[in-house]
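J.: Okay, handing you the structure first.
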Amino acid sequence: IELLAETDNLHERMSGPATKVILKRQHERFKDPRFELLKDISPAHIYNLRESPAYRAKSVTVGKTKSVQIPIEVRGKPNPDGKPGHLRVDTVHQGDSEKAKGIYSLNLVDEVTQWEVVACVEGINEAWMDEVLSAAMTLFPFRIRGFHSDNGSEFINRQVSKMLGDQFIRQSKPRSGRTNDNALVEGKNGSIIRKHMGHWHIARNYAPEVNRFYMGKFNIYLNYHRPCGFATVTVDGKGKRHRKYEVYQTPYEALKKLPGAAQYLKDGVTFEQLDKIAMAESDNECAKQMQKEKQELFRKVQPAGLNLFQKGGPATNSRRNHDE
């Protein structure tokens with residue numbers, strides 16, 4: 001129970017199926033003998049153990065405190081056809097305080113592999129967005145083919161359109177009245193950014209520090225050491241679509257399993273290079289270092305000293321977060 005609680009604390013208590021994958025990887029891939037008894041545990045038993053007093057005594061959680069029109073040719077939901085490189089993009093605002101704006105997290109998620117890159121900007125005007133967005137896109141190991149965002153002016157502007165056009169990247173925005181066109185990245189906003197960064201205000205002058213945290217250990221953790229749920233979609237006789245989550249794997253594993261995966265990599269990038277990153281440390285080792293860096297960051301951005309971690313279990317319902 002103590003080892004399960006330790007793992008949950010490091011990974012912000014993911015869903016049962018995702019946690020099961022972490023426990024198995026710790027034993028089989030990273031050869032940690034402590035996970036011998038946990039490697040075959042069922043998701044149902046994980047949920048049961050999380051309700052026990054012994055588990056709750058060891059678990060912790062994050063506590064929360066309370067335009068120019070640019071024509072875009074394509075309005076519609078992208079169809080990646082099983083190929084990586086079609087990004088879903090959104091921003092998350094880190095709250096206001098006495099009319100002072102907080103930072104914005106920039107979230108880019110590949111639709112096929114769920115490869116995710118998070119960055120931070122001081123504001124969402126063109127001057128701040130262009131440089132950070134360009135840097136974030138370089139962190140994807142595969143070529144970018146599509147860029148799908150909402151209708152916000154931070155993305156629908158001349159600078160972003162020119163940057164994407166120069167790289168022959170197809171830009172699109174949601175269909176009118178179709179609120180689920182960008183559901184993937186919106187789900188990640190909650191299960192990744194809000195779960196790790198909370199809802200409290202972070203002042204704009206801390207954007208560089210937050211961005212360094214995101215662009216370093218945090219993005220490595222998300223893509224090489226954090227399993228995500230991949231849905232199998234079936235259609236019944238009435239035409240209703242049903243999503244079932246049976247496959248849990250990291251975005252890097254999802255990328256490697258694509259047919260002819262090497263053809264999608266950027267020039268100069270090889271799986272041999274990426275494997276070295278993936279195997280440099282175990283899932284829990286990476287998560288532990290990420291958590292350490294995050295707590296150091298929080299001590300800077302919250303000088304008054306919020307009580308960020310408290311005993312008593314998670315603030316979110318991990319059973320429902322299938323994108324984990």
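Ligands are numbered from 1 in the order shown, chains are lettered A, B, ... in the order of the structure tokens, and residues start at 1 in each chain.
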Just the residues within 12 Å of Lys288 (chain A), please, counting only C-alpha atoms, with nothing from its chain fewer than 6 positions along; format it as JSON, numbers by chain.
T.: {"A": [6, 7, 8, 9, 10, 11, 12, 217, 218, 221, 225, 281, 282, 294, 295]}
J.: With the cut-off set at 10 Å and counting only C-alpha atoms, tabulate each residue of region 212-244 of chain A with an atom at most that distance from an atom of region 20-38 of chain A, showing the nearest atom pair and its distance in Å to one decimal, ordered by chain and increasing number, as JSON lines.
T.:
```
{"residue": "A:His225", "atom": "CA", "partner": "A:Ile22", "partner_atom": "CA", "distance": 8.0}
{"residue": "A:Arg226", "atom": "CA", "partner": "A:Ile22", "partner_atom": "CA", "distance": 7.6}
{"residue": "A:Pro227", "atom": "CA", "partner": "A:Val21", "partner_atom": "CA", "distance": 6.9}
{"residue": "A:Cys228", "atom": "CA", "partner": "A:Val21", "partner_atom": "CA", "distance": 9.5}
```
J.: If we count only C-alpha atoms, what is near region 254-268 of chain A at a cut-off of 7 Å, once residues fewer than 3 positions away on the same chain are taken out, given as a PDB file with C-alpha atoms, in the first residue's frame?
T.:
```
ATOM      1  CA  THR A 113      -0.113   9.615 -30.284  1.00  0.00           C
ATOM      2  CA  PRO A 141       9.992  14.533 -32.667  1.00  0.00           C
ATOM      3  CA  PHE A 142       7.782  14.133 -35.750  1.00  0.00           C
ATOM      4  CA  ARG A 143       6.835  16.546 -38.523  1.00  0.00           C
ATOM      5  CA  GLN A 249       0.586   3.428 -23.036  1.00  0.00           C
ATOM      6  CA  THR A 250       2.908   6.420 -23.055  1.00  0.00           C
ATOM      7  CA  PRO A 251       2.815   8.767 -26.073  1.00  0.00           C
TER       8      PRO A 251
END
```
J.: Between A:His45, A:Ser105, A:Leu4, A:Val301, which one has atoms that come closest to Arg194 (chain A), using only C-alpha atoms?
T.: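 Going through A:His45, A:Ser105, A:Leu4, A:Val301 one by one, the smallest distance to Arg194 (chain A) is for A:Ser105.
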J.: Among region 12-200 of chain A, which ones does DSSP assign to alpha helix (DSSP H) (computed from the backbone)? Answer as a PyMOL selection string.
T.: chain A and resi 16-28+43-50+53-58+126-137+158-166+183-188+195-197
